[in-house]
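J.: Below is a structure I'd like to ask you about.
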Amino acid sequence: MDRTVNIGPVNINKSTFTVIAGPCSIESEEQFLPTAQFVHEKGASLVRGGIFKMRTQPDAFQGLGDQAIALVKKMKESLQVPFIAEITDPRQIDLLMPVVDCFQVGSRNMYNYELLKELGKYQIPVLLKRGFSALIKEWVKAADYVISSGNEDVILCERGIRSFEGPLRNTLDLSAVAYLKAHTSFPVFVDPSHGTGRPELIIPMSKAAVACGADGLMVEVHPNPDKALSDGFQALNYESFGSLMDQLRPFLSLMNKELSHG
Ligand code: PEP
Ligand code: MN
């Protein structure tokens, strides 16, 4: 039996397909609000935006932190669309809870069992990304930490694993998606942005994600990728995101899935 997870008004089940889109990081009102509006108009039913970023370099942009909260509130008031952001530490729960409809646990924190247990105490869905070197069984056990603390609403998100491949940021493991759909009841999403690190691969890999049974996508979009403060090299611009949404539709109908409403 497939689990159904509701994120605010968005119903994730075997007949729906949910697109989460937005910038890697919230940078400013001028960047975030128009991006949120654009992706929502094009059919994304959840907006994403990084508030606390886990960057490899300590001197890289770490996210606006608490300064982003007012921008998220403004976005939600004007668009009435649910919002997801990564939580990197349990001490952020009180700050994020009033504005997030789903907590994202990032690849680097998939093994952070204290964070997972803490998120299990709340009734807010959790999107759990795969650790970039995690076995599928370790990933599923990480999800079980959230569930066994009381929160059943867990979505798994494949975001690519480390391999020997050079030109790709990661290797998007779509066989893991098909495996999870065959052997578990979790909704499974795919993040082709981090999964490939290359904008020209996002449309083909998104179609492949639909074909292998994914329940949704998480995609990074920026109005001006060259100027982005994080992950600009992999962001879709508005035009490419519009094209992605147009090109997905026939694949969704072949798989008997409809874009979720939000
Ligand atoms: C993100 O979605 O912005 C992110 C940092 O992803 P990941 O945890 O998959 O690297
Ligand atoms: Mn990113």
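Please note that chains go A, B, ... in the order of the structure tokens, that every chain numbers its residues from 1, and that ligands are numbered from 1 in the order shown.
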Just asking: which residues within stretch 186-249 of chain A are helix (DSSP H, G or I) according to DSSP, as a PyMOL selection string?

T.: chain A and resi 192-196+199-211+225-227+232-234+238-249

J.: What residues have any atom no more than 7 Å from ligand 2 when counting only C-alpha atoms and all ligand atoms, and can you list them as a list in words?

T.: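 So the residues close to ligand 2 are Cys24, His194, Glu220, Ser230 and Asp231 of chain A.
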
J.: Taking only C-alpha atoms and all ligand atoms into account, name the residue in A:Gly242, A:Gly232, A:Pro23, A:Gly43 that is nearest to ligand 1.

T.: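 Distance minimum relative to ligand 1 lands on A:Pro23.
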
J.: Report, in Å to a single decimal, how far apart atom CA of A:Val99 and atom CA of A:Asn6 are.

T.: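 Value for the atom CA of A:Asn6-atom CA of A:Val99 distance: 16.0 Å.
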
J.: Name each residue within 9 Å of ligand 1, counting only C-alpha atoms and all ligand atoms, as a ChimeraX atom specification.

T.: /A:23-25,48-50,53-55,85-86,104-110,128-132,157-160,191,193-195,218-220,230-231

J.: Near A:Val126, within 6 Å and counting only C-alpha atoms, which residues show up once chain neighbours fewer than 5 positions away are dropped, as a PyMOL selection string?

T.: chain A and resi 102-104+154

J.: Mind pulling up the distance from atom CA of A:Pro9 to atom CA of A:Ser260?

T.: 9.3 Å

J.: Between A:Ser185, A:Val81, A:Leu96, A:Gln247, which one has atoms that come closest to A:Gly65, using only C-alpha atoms?

T.: A:Leu96

J.: Using only C-alpha atoms, which residue out of A:Ser175, A:Asn13, A:Ser163, A:Thr88 lies closest to A:Met1?

T.: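 Under the stated criterion, the closest residue is A:Asn13.
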
J.: Considering only C-alpha atoms, return as a ChimeraX atom specification whatever protein or nucleic-acid residues lie within 10 Å of A:Leu71, sequence-local ones (same chain, fewer than 5 positions apart) excluded.

T.: /A:26-30,32-33,66,76-77,99

J.: Any chance you can output those residues with N, CA and C atoms as a CSV table (one decimal), in the first residue's frame?

T.:
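The result, written out as result_30.csv:
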```csv
chain,number,residue,atom,x,y,z
A,26,ILE,N,17.4,31.5,-0.6
A,26,ILE,CA,16.7,32.8,-0.6
A,26,ILE,C,17.8,33.8,-0.5
A,27,GLU,N,17.8,34.8,-1.4
A,27,GLU,CA,18.9,35.8,-1.4
A,27,GLU,C,18.3,37.2,-1.1
A,28,SER,N,17.2,37.5,-1.6
A,28,SER,CA,16.6,38.8,-1.4
A,28,SER,C,15.1,38.8,-1.8
A,29,GLU,N,14.4,39.8,-1.4
A,29,GLU,CA,13.0,39.9,-1.8
A,29,GLU,C,12.8,39.9,-3.4
A,30,GLU,N,13.7,40.7,-4.0
A,30,GLU,CA,13.7,40.8,-5.5
A,30,GLU,C,13.9,39.5,-6.2
A,32,PHE,N,13.5,36.3,-4.6
A,32,PHE,CA,12.7,35.2,-4.1
A,32,PHE,C,11.2,35.3,-4.5
A,33,LEU,N,10.6,36.5,-4.3
A,33,LEU,CA,9.2,36.6,-4.6
A,33,LEU,C,8.8,36.3,-6.0
A,66,ASP,N,17.7,33.7,9.9
A,66,ASP,CA,16.4,34.3,10.3
A,66,ASP,C,15.9,35.5,9.5
A,76,LYS,N,4.1,33.6,1.2
A,76,LYS,CA,3.0,32.8,1.5
A,76,LYS,C,1.7,33.6,1.5
A,77,GLU,N,1.8,34.8,2.1
A,77,GLU,CA,0.6,35.6,2.1
A,77,GLU,C,0.1,36.0,0.7
A,99,VAL,N,6.7,28.8,9.3
A,99,VAL,CA,6.7,29.1,7.8
A,99,VAL,C,6.8,27.9,7.0
```

J.: Between atom CA of A:Ile12 and atom CA of A:Pro98, what is the distance, to one decimal in Å?

T.: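 Interatomic distance, atom CA of A:Ile12 to atom CA of A:Pro98: 21.6 Å.
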
J.: Set the distance at 10 Å and use only C-alpha atoms: which residues neighbour A:Leu135 once local chain neighbours fewer than 5 positions away are removed? I'd like the list as a list in words.

T.: Arg130, Val140, Lys141, Ile161 and Ala176 of chain A

J.: Could you please take those selected residues and save N, CA and C atoms as a PDB file, in the first residue's frame?

T.:
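Now in result_28.pdb:
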```pdb
ATOM      1  N   ARG A 130      18.642  11.563   0.146  1.00  0.00           N
ATOM      2  CA  ARG A 130      19.574  10.453   0.299  1.00  0.00           C
ATOM      3  C   ARG A 130      20.994  10.980   0.568  1.00  0.00           C
ATOM      4  N   VAL A 140      16.471   4.093   4.076  1.00  0.00           N
ATOM      5  CA  VAL A 140      15.157   3.658   4.575  1.00  0.00           C
ATOM      6  C   VAL A 140      15.166   3.581   6.112  1.00  0.00           C
ATOM      7  N   LYS A 141      16.276   3.128   6.678  1.00  0.00           N
ATOM      8  CA  LYS A 141      16.369   3.069   8.156  1.00  0.00           C
ATOM      9  C   LYS A 141      16.351   4.482   8.735  1.00  0.00           C
ATOM     10  N   ILE A 161      24.236  10.200  -6.180  1.00  0.00           N
ATOM     11  CA  ILE A 161      25.260   9.619  -5.300  1.00  0.00           C
ATOM     12  C   ILE A 161      26.634   9.872  -5.906  1.00  0.00           C
ATOM     13  N   ALA A 176      17.363   3.377  -7.876  1.00  0.00           N
ATOM     14  CA  ALA A 176      16.925   3.423  -6.467  1.00  0.00           C
ATOM     15  C   ALA A 176      15.448   3.818  -6.381  1.00  0.00           C
TER      16      ALA A 176
END
```

J.: Have a look at A:Leu236, A:Cys212, A:Val72, A:Ala134 and name the one nearest to A:Leu174; count only C-alpha atoms.

T.: A:Cys212

J.: Using DSSP assignments from the backbone, pull out every residue in stretch 18-124 of chain A that falls under strand (DSSP E) and give it to me as JSON, numbers by chain.

T.: {"A": [18, 19, 20, 21, 22, 46, 47, 48, 83, 84, 85, 86, 102, 103, 104, 105]}

J.: Got time to write the residues from that selection, C-alpha atoms, as a PDB file, in the first residue's frame?

T.:
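Just written: part-v7.pdb:
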```pdb
ATOM      1  CA  THR A  18       4.201  17.177  -7.236  1.00  0.00           C
ATOM      2  CA  VAL A  19       6.748  19.688  -8.436  1.00  0.00           C
ATOM      3  CA  ILE A  20       8.781  21.579  -5.845  1.00  0.00           C
ATOM      4  CA  ALA A  21      10.718  24.482  -7.326  1.00  0.00           C
ATOM      5  CA  GLY A  22      12.529  27.611  -6.284  1.00  0.00           C
ATOM      6  CA  LEU A  46       5.422  23.802  -3.436  1.00  0.00           C
ATOM      7  CA  VAL A  47       8.043  26.509  -3.308  1.00  0.00           C
ATOM      8  CA  ARG A  48      11.540  25.768  -2.035  1.00  0.00           C
ATOM      9  CA  PHE A  83       6.858  26.125   1.399  1.00  0.00           C
ATOM     10  CA  ILE A  84       9.713  23.734   2.127  1.00  0.00           C
ATOM     11  CA  ALA A  85      13.168  24.524   3.522  1.00  0.00           C
ATOM     12  CA  GLU A  86      16.074  22.500   4.779  1.00  0.00           C
ATOM     13  CA  CYS A 102       7.514  20.376   5.103  1.00  0.00           C
ATOM     14  CA  PHE A 103      10.979  20.033   6.609  1.00  0.00           C
ATOM     15  CA  GLN A 104      13.763  19.068   4.215  1.00  0.00           C
ATOM     16  CA  VAL A 105      16.614  17.000   5.644  1.00  0.00           C
TER      17      VAL A 105
END
```

J.: Write out as an NGL selection string the residues lying within 12 Å of A:Ser15, counting only C-alpha atoms and excluding same-chain residues fewer than 4 positions away.

T.: :A and (2-4 or 11 or 187 or 210 or 213-216 or 252-261)

J.: Can you work out which one of A:Met75, A:Pro204, A:Pro250, A:Lys137 has the shortest atom-to-atom distance to A:Thr184, counting only C-alpha atoms?

T.: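 For A:Thr184, the nearest of the given residues is A:Lys137.
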
J.: Identify which of the residues A:Leu244, A:Ala235, A:Val188, A:Val221 lies closest to A:Val5, counting only C-alpha atoms when measuring atom-to-atom distances.

T.: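 Of the candidates, the smallest distance to A:Val5 is held by A:Val188.
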
J.: What's around stretch 115-118 of chain A at 7 Å? Count only C-alpha atoms, leave out sequence neighbours fewer than 3 positions away in its own chain, and write the answer as an NGL selection string.

T.: :A and (89-90 or 112 or 121 or 145-146 or 149)

J.: Atoms to include: C-alpha atoms. Write the selected residues as a PDB file, in the first residue's frame.

T.:
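Generated output (part-v1.pdb):
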```
ATOM      1  CA  ASP A  89      19.918  21.650  13.271  1.00  0.00           C
ATOM      2  CA  PRO A  90      17.111  20.887  15.754  1.00  0.00           C
ATOM      3  CA  ASN A 112      21.877  12.866  11.836  1.00  0.00           C
ATOM      4  CA  LYS A 121       7.931  14.465  17.319  1.00  0.00           C
ATOM      5  CA  TYR A 145      13.879   7.026  12.765  1.00  0.00           C
ATOM      6  CA  VAL A 146      11.333   9.752  11.930  1.00  0.00           C
ATOM      7  CA  SER A 149       9.350   8.846  16.833  1.00  0.00           C
TER       8      SER A 149
END
```
